[in-house]
2 protein chains.
Amino acid sequence: MKHSRLVAVLALWTLGVAADTTSSAVTPAMVATAQKLMQHARSANTGYAIVESLTTEVGPRLAGTAAEGRARQWAVARLNDLGFHNVRVEPFVVPLWLRGIERAEILSPFPQPLTITALGGSASTGPHGVEGEVVSFDSLAALEEAAAGSLQGKIVFVDEVMARSRDGSGYRVAVAKRRQTAFTAERLGASAALIRSVGTSSHRFAHTGQMRRIDYKGQAGVPMAALTAPDADQLRRTLSRGVPVMVKLVITPQLLPPSESGNVIAEIPGSAAPEEIVLVGAHLDSWDLGTGAIDDGAGVGIVIGAAKLLLDVLPHAPRRTIRIVLFGSEEVGLVGAQAYAERHAGELDKHIIATESDFGAGEIWRFDTGVADDKVPLAEAIGALLLPLGIEPGTNTASGGPDMKYLREAGVPVVGLKQNGWDYFDLHHTPDDTLDKIAPDALQQNIAAYAAFLYLAAEVEANFR
Amino acid sequence: MKHSRLVAVLALWTLGVAADTTSSAVTPAMVATAQKLMQHARSANTGYAIVESLTTEVGPRLAGTAAEGRARQWAVARLNDLGFHNVRVEPFVVPLWLRGIERAEILSPFPQPLTITALGGSASTGPHGVEGEVVSFDSLAALEEAAAGSLQGKIVFVDEVMARSRDGSGYRVAVAKRRQTAFTAERLGASAALIRSVGTSSHRFAHTGQMRRIDYKGQAGVPMAALTAPDADQLRRTLSRGVPVMVKLVITPQLLPPSESGNVIAEIPGSAAPEEIVLVGAHLDSWDLGTGAIDDGAGVGIVIGAAKLLLDVLPHAPRRTIRIVLFGSEEVGLVGAQAYAERHAGELDKHIIATESDFGAGEIWRFDTGVADDKVPLAEAIGALLLPLGIEPGTNTASGGPDMKYLREAGVPVVGLKQNGWDYFDLHHTPDDTLDKIAPDALQQNIAAYAAFLYLAAEVEANFR
């Protein structure tokens, strides 16, 4: 099915036909302009310059910190310099969680340090730490089956391995482990929890990430940290010796009063229907361990780079307004996304279509839609124009990206320009998320695709709603 | 020249001739036995079990620490269990240098943390650290040309990049940078020094290693740390903005009174000439950041695994004694090697030939010799038997390995079973030096080669001296 659709689209492309005859909304002139944008993307350098600048001049920018504030200032200055309109910050507040000391060691039988990192939102062990015997489980499901009280005073270790895939599908299972372990461990009487790092790297980097919902209500869960893959292997081997394994864990994160965060917005006002919005997002915050290059400096570079191409190449703005939203506080629970949806509740019905770039810097290989059934042909007609970039037609099950959650739930149509995530979880949320991991060529392919998509979505008369 | 020699050897091999007719010392029966050993190596698992055990049950084992002492106890127990003879520790003392806090940050213009590690033997900044403007040099040579007093109060940054190669030749230049920078910086008035990590990895691991001779006499040098490659890139980019870059460095290593270290020795006593020694070494200590898997747990596994094959496969011991030496305190300046040479000065003339495995877990690709010119044919005759393992004949310039330095200088002939070091410096001296990086198949190829070599060197009547 997918293949036959691909063949059909290729045939149409070869004939110079505007992809799908059911959606005459895409005119030959638009096709030519989209092609011109894709061509110009090859020599455009704004996207890479943006991610270079953000990762160098701001670096790590955890939600609610002064660094995230500097990122907003940086974004406002850059977006103004580049010639965007209506550049502004929409502030909100977010609980501020700050990493403290993090240290772990095997006390016996084989004393040695372990490399860990605290998970976002974790409780503190206090400076003296927690000591206990390790009880290992191969999965979260296995932990959940443990008898009540059976883990009294123990340190739980969930050694579940994440699967690698192009579409990142292994992450869902891994996030369940990250989200649930501390609470299940608490219910079973454990004093702390360790998990094998979410992620696919065999390098010795621990992977952070939020371990609970941002509201911090109810249970706090036990203090919880992630072991790097080699350290999880080491602990597994140590446990295999069949003698009790005692571990000490010291993590001292602090939960501080709510602090300022914000979304940064910039626009290319529409020339004919400025009240209609094509939204393109990325998130400005990052975890604190790396410099947030692939997560999500790349997305920031892609969406700004693509929109800048429109400013540079088009003789006049497209019909609809293109709105760039750089979300704040995505990592700690989509807080910026929720703030945006609340603040703009009154105009969500004017959001014609929305999407986000937040899956690294790999090339886009598929164009997914998330629109009403009768709008699929229109969306596909646009997606089909991306075929020369190596982007296949996908399915109508797009999420649009993490920060699109509340918009999607409110009925805003979305698309997903799906990147190859094969290596994404080697770097994501680790200290190794740094600029050198971004291939400029792959970034330009993304920019070409976003530029063409944004132009067409904002220019066609037909509506996705 | 090398190629024609290879062809000649291949031809001899094909004819079933014992490699080199000028050295009839290697008999057809010996060739058959060597082949049998190589065949058995494919299913032998002692080597991998040894490195698994050492890295798991001891882990990091810095020179002079209690962990290095546990490694000696571990080695004595394992070597006795495996059936070796004359298993013993030869103790010596070593200055004890312990890593403390290590923290660095860019203060301005773009405040953010930097990932560093202190270099072995470095002075301390004290707990309050050192702050200063960074002055960058592309190489040690460039630093050495700076004017006297021109770096007063500055933090020197030497951003020299190490070249990757199969034979690890880039390491020599990189070590000069690591050894000299702190002293040149001190002479020029600087208050601290940073170097781009020695090594070839683009991952965010800082690389430690000794920054001065172990005697600690004379100058202490300025406090000195290595930046990971991504952090060196980040600092370089920050400097490229053309404004002063202020950095804070806090490292608090301690130099403690000399502490006990030691070499662990085990033997297969010779059946005909037990006083003649074929020495095979590896080093037992490791840096503190990783678990010392490739440096040098792999070597420990290879030499023990190979010698164990001889115990298991041969009907009786070879003519000469095979002596395994697991050197202590190699990393901090070949202290165990020197202690061994001093202690055994009276019998060095009975050391017929010596070699060490200390270049990771990659496959051996070349057999080098370091013998008197008239003994080259004999050594090559043995080396030629390793051809079926993919091992080419090399040159007569072998060092034999780091711990062979004093033996070689005392006239002991050496050989070098040269491993492919293409990836070695991606891991070496970093936290990422862990067991998972060892490919069991490559380890077995090493064990096959060492087993054949040890057997033949100990069995031939001809002498390498």
# chains A, B, ... in the order shown; residues from 1 in each chain; ligands from 1

$ interface_residues --of "chain A" --to "chain B" --cutoff "8 Å" --atoms "only C-alpha atoms" --output "list of chain:residue names"
A:Thr56, A:Glu57, A:Val58, A:Gly59, A:Pro60, A:Pro109, A:Phe110, A:Pro111, A:Gln112, A:Ser202, A:His203, A:Arg204, A:Pro230, A:Gln234, A:Arg237, A:Thr238, A:Pro431, A:Asp432, A:Thr434, A:Leu435, A:Asp436

$ select_by_dssp --residues "region 38-111 of chain A" --states "strand (DSSP E or B)" --output "ChimeraX atom specification"
/A:85-98,102-108

$ atom_distance --atom1 "CA of Val158 (chain A)" --atom2 "CA of Leu62 (chain A)"
26.4 Å

$ residues_around --residues "region 131-139 of chain A" --least-positions-apart "4" --cutoff "7 Å" --atoms "only C-alpha atoms" --output "ChimeraX atom specification"
/A:143,153-160,244-249

$ write_last_selection --atoms "all heavy atoms" --output "mmCIF file, in the first residue's frame"
data_model
loop_
_atom_site.group_PDB
_atom_site.id
_atom_site.type_symbol
_atom_site.label_atom_id
_atom_site.label_comp_id
_atom_site.auth_asym_id
_atom_site.auth_seq_id
_atom_site.Cartn_x
_atom_site.Cartn_y
_atom_site.Cartn_z
ATOM 1 N N LEU A 143 9.179 -5.770 38.063
ATOM 2 C CA LEU A 143 9.147 -5.046 39.346
ATOM 3 C C LEU A 143 7.715 -4.936 39.857
ATOM 4 O O LEU A 143 7.454 -5.117 41.058
ATOM 5 C CB LEU A 143 9.751 -3.646 39.162
ATOM 6 C CG LEU A 143 9.588 -2.689 40.346
ATOM 7 C CD1 LEU A 143 10.363 -3.189 41.573
ATOM 8 C CD2 LEU A 143 10.054 -1.265 39.962
ATOM 9 N N GLY A 153 13.618 -1.433 52.389
ATOM 10 C CA GLY A 153 15.006 -1.014 52.595
ATOM 11 C C GLY A 153 15.967 -1.378 51.475
ATOM 12 O O GLY A 153 17.168 -1.143 51.580
ATOM 13 N N LYS A 154 15.457 -1.953 50.413
ATOM 14 C CA LYS A 154 16.316 -2.366 49.303
ATOM 15 C C LYS A 154 16.483 -1.227 48.291
ATOM 16 O O LYS A 154 15.703 -0.279 48.262
ATOM 17 C CB LYS A 154 15.714 -3.576 48.563
ATOM 18 C CG LYS A 154 15.334 -4.732 49.448
ATOM 19 C CD LYS A 154 16.537 -5.464 50.009
ATOM 20 C CE LYS A 154 16.083 -6.748 50.692
ATOM 21 N NZ LYS A 154 17.170 -7.397 51.431
ATOM 22 N N ILE A 155 17.497 -1.374 47.461
ATOM 23 C CA ILE A 155 17.657 -0.495 46.299
ATOM 24 C C ILE A 155 17.262 -1.290 45.064
ATOM 25 O O ILE A 155 17.871 -2.319 44.748
ATOM 26 C CB ILE A 155 19.096 0.038 46.181
ATOM 27 C CG1 ILE A 155 19.415 0.924 47.414
ATOM 28 C CG2 ILE A 155 19.284 0.815 44.875
ATOM 29 C CD1 ILE A 155 20.811 1.536 47.403
ATOM 30 N N VAL A 156 16.202 -0.822 44.432
ATOM 31 C CA VAL A 156 15.684 -1.493 43.240
ATOM 32 C C VAL A 156 16.568 -1.163 42.038
ATOM 33 O O VAL A 156 17.019 -0.033 41.883
ATOM 34 C CB VAL A 156 14.245 -0.993 42.976
ATOM 35 C CG1 VAL A 156 13.806 -1.265 41.552
ATOM 36 C CG2 VAL A 156 13.288 -1.620 43.975
ATOM 37 N N PHE A 157 16.801 -2.140 41.208
ATOM 38 C CA PHE A 157 17.551 -1.927 39.962
ATOM 39 C C PHE A 157 16.739 -2.519 38.810
ATOM 40 O O PHE A 157 16.540 -3.734 38.749
ATOM 41 C CB PHE A 157 18.923 -2.599 40.064
ATOM 42 C CG PHE A 157 19.711 -2.677 38.773
ATOM 43 C CD1 PHE A 157 19.739 -1.617 37.867
ATOM 44 C CD2 PHE A 157 20.454 -3.819 38.469
ATOM 45 C CE1 PHE A 157 20.475 -1.693 36.689
ATOM 46 C CE2 PHE A 157 21.202 -3.906 37.286
ATOM 47 C CZ PHE A 157 21.198 -2.836 36.396
ATOM 48 N N VAL A 158 16.259 -1.661 37.917
ATOM 49 C CA VAL A 158 15.502 -2.128 36.750
ATOM 50 C C VAL A 158 16.428 -2.063 35.538
ATOM 51 O O VAL A 158 16.820 -0.985 35.093
ATOM 52 C CB VAL A 158 14.213 -1.316 36.522
ATOM 53 C CG1 VAL A 158 13.472 -1.845 35.292
ATOM 54 C CG2 VAL A 158 13.320 -1.393 37.746
ATOM 55 N N ASP A 159 16.759 -3.243 35.033
ATOM 56 C CA ASP A 159 17.829 -3.393 34.038
ATOM 57 C C ASP A 159 17.276 -3.600 32.632
ATOM 58 O O ASP A 159 17.854 -4.320 31.828
ATOM 59 C CB ASP A 159 18.715 -4.577 34.455
ATOM 60 C CG ASP A 159 20.034 -4.599 33.698
ATOM 61 O OD1 ASP A 159 20.424 -3.538 33.183
ATOM 62 O OD2 ASP A 159 20.660 -5.675 33.629
ATOM 63 N N GLU A 160 16.171 -2.948 32.355
ATOM 64 C CA GLU A 160 15.518 -3.114 31.055
ATOM 65 C C GLU A 160 16.323 -2.410 29.963
ATOM 66 O O GLU A 160 16.714 -1.255 30.127
ATOM 67 C CB GLU A 160 14.117 -2.510 31.155
ATOM 68 C CG GLU A 160 13.152 -2.922 30.101
ATOM 69 C CD GLU A 160 11.734 -2.453 30.482
ATOM 70 O OE1 GLU A 160 11.026 -3.201 31.182
ATOM 71 O OE2 GLU A 160 11.359 -1.333 30.097
ATOM 72 N N PRO A 244 25.182 -11.068 48.125
ATOM 73 C CA PRO A 244 24.480 -9.787 48.242
ATOM 74 C C PRO A 244 25.360 -8.639 47.762
ATOM 75 O O PRO A 244 26.554 -8.590 48.051
ATOM 76 C CB PRO A 244 24.211 -9.673 49.743
ATOM 77 C CG PRO A 244 24.256 -11.072 50.250
ATOM 78 C CD PRO A 244 25.268 -11.783 49.403
ATOM 79 N N VAL A 245 24.769 -7.736 47.010
ATOM 80 C CA VAL A 245 25.488 -6.580 46.479
ATOM 81 C C VAL A 245 24.949 -5.325 47.166
ATOM 82 O O VAL A 245 23.763 -5.019 47.079
ATOM 83 C CB VAL A 245 25.312 -6.474 44.951
ATOM 84 C CG1 VAL A 245 25.984 -5.206 44.422
ATOM 85 C CG2 VAL A 245 25.876 -7.719 44.269
ATOM 86 N N MET A 246 25.852 -4.642 47.876
ATOM 87 C CA MET A 246 25.461 -3.431 48.604
ATOM 88 C C MET A 246 25.912 -2.208 47.811
ATOM 89 O O MET A 246 27.069 -2.128 47.380
ATOM 90 C CB MET A 246 26.123 -3.404 49.981
ATOM 91 C CG MET A 246 25.749 -4.566 50.879
ATOM 92 S SD MET A 246 23.979 -4.593 51.298
ATOM 93 C CE MET A 246 23.895 -3.098 52.323
ATOM 94 N N VAL A 247 25.008 -1.269 47.657
ATOM 95 C CA VAL A 247 25.295 -0.057 46.897
ATOM 96 C C VAL A 247 24.981 1.164 47.743
ATOM 97 O O VAL A 247 24.078 1.130 48.590
ATOM 98 C CB VAL A 247 24.491 -0.049 45.564
ATOM 99 C CG1 VAL A 247 24.323 1.349 45.002
ATOM 100 C CG2 VAL A 247 25.168 -0.956 44.537
ATOM 101 N N LYS A 248 25.760 2.213 47.533
ATOM 102 C CA LYS A 248 25.460 3.504 48.157
ATOM 103 C C LYS A 248 25.127 4.499 47.050
ATOM 104 O O LYS A 248 25.833 4.570 46.037
ATOM 105 C CB LYS A 248 26.663 4.007 48.956
ATOM 106 C CG LYS A 248 26.419 5.364 49.597
ATOM 107 C CD LYS A 248 27.537 5.753 50.537
ATOM 108 C CE LYS A 248 27.204 7.084 51.211
ATOM 109 N NZ LYS A 248 28.235 7.444 52.195
ATOM 110 N N LEU A 249 24.070 5.261 47.273
ATOM 111 C CA LEU A 249 23.630 6.265 46.304
ATOM 112 C C LEU A 249 23.492 7.605 47.005
ATOM 113 O O LEU A 249 22.845 7.698 48.045
ATOM 114 C CB LEU A 249 22.273 5.851 45.725
ATOM 115 C CG LEU A 249 21.591 6.849 44.780
ATOM 116 C CD1 LEU A 249 22.360 6.970 43.463
ATOM 117 C CD2 LEU A 249 20.147 6.422 44.504
#

$ residues_around --residues "Phe359 (chain B)" --least-positions-apart "4" --cutoff "9 Å" --atoms "only C-alpha atoms" --output "number ranges by chain"
B: 168, 294-296, 298-299, 401, 418-421, 424
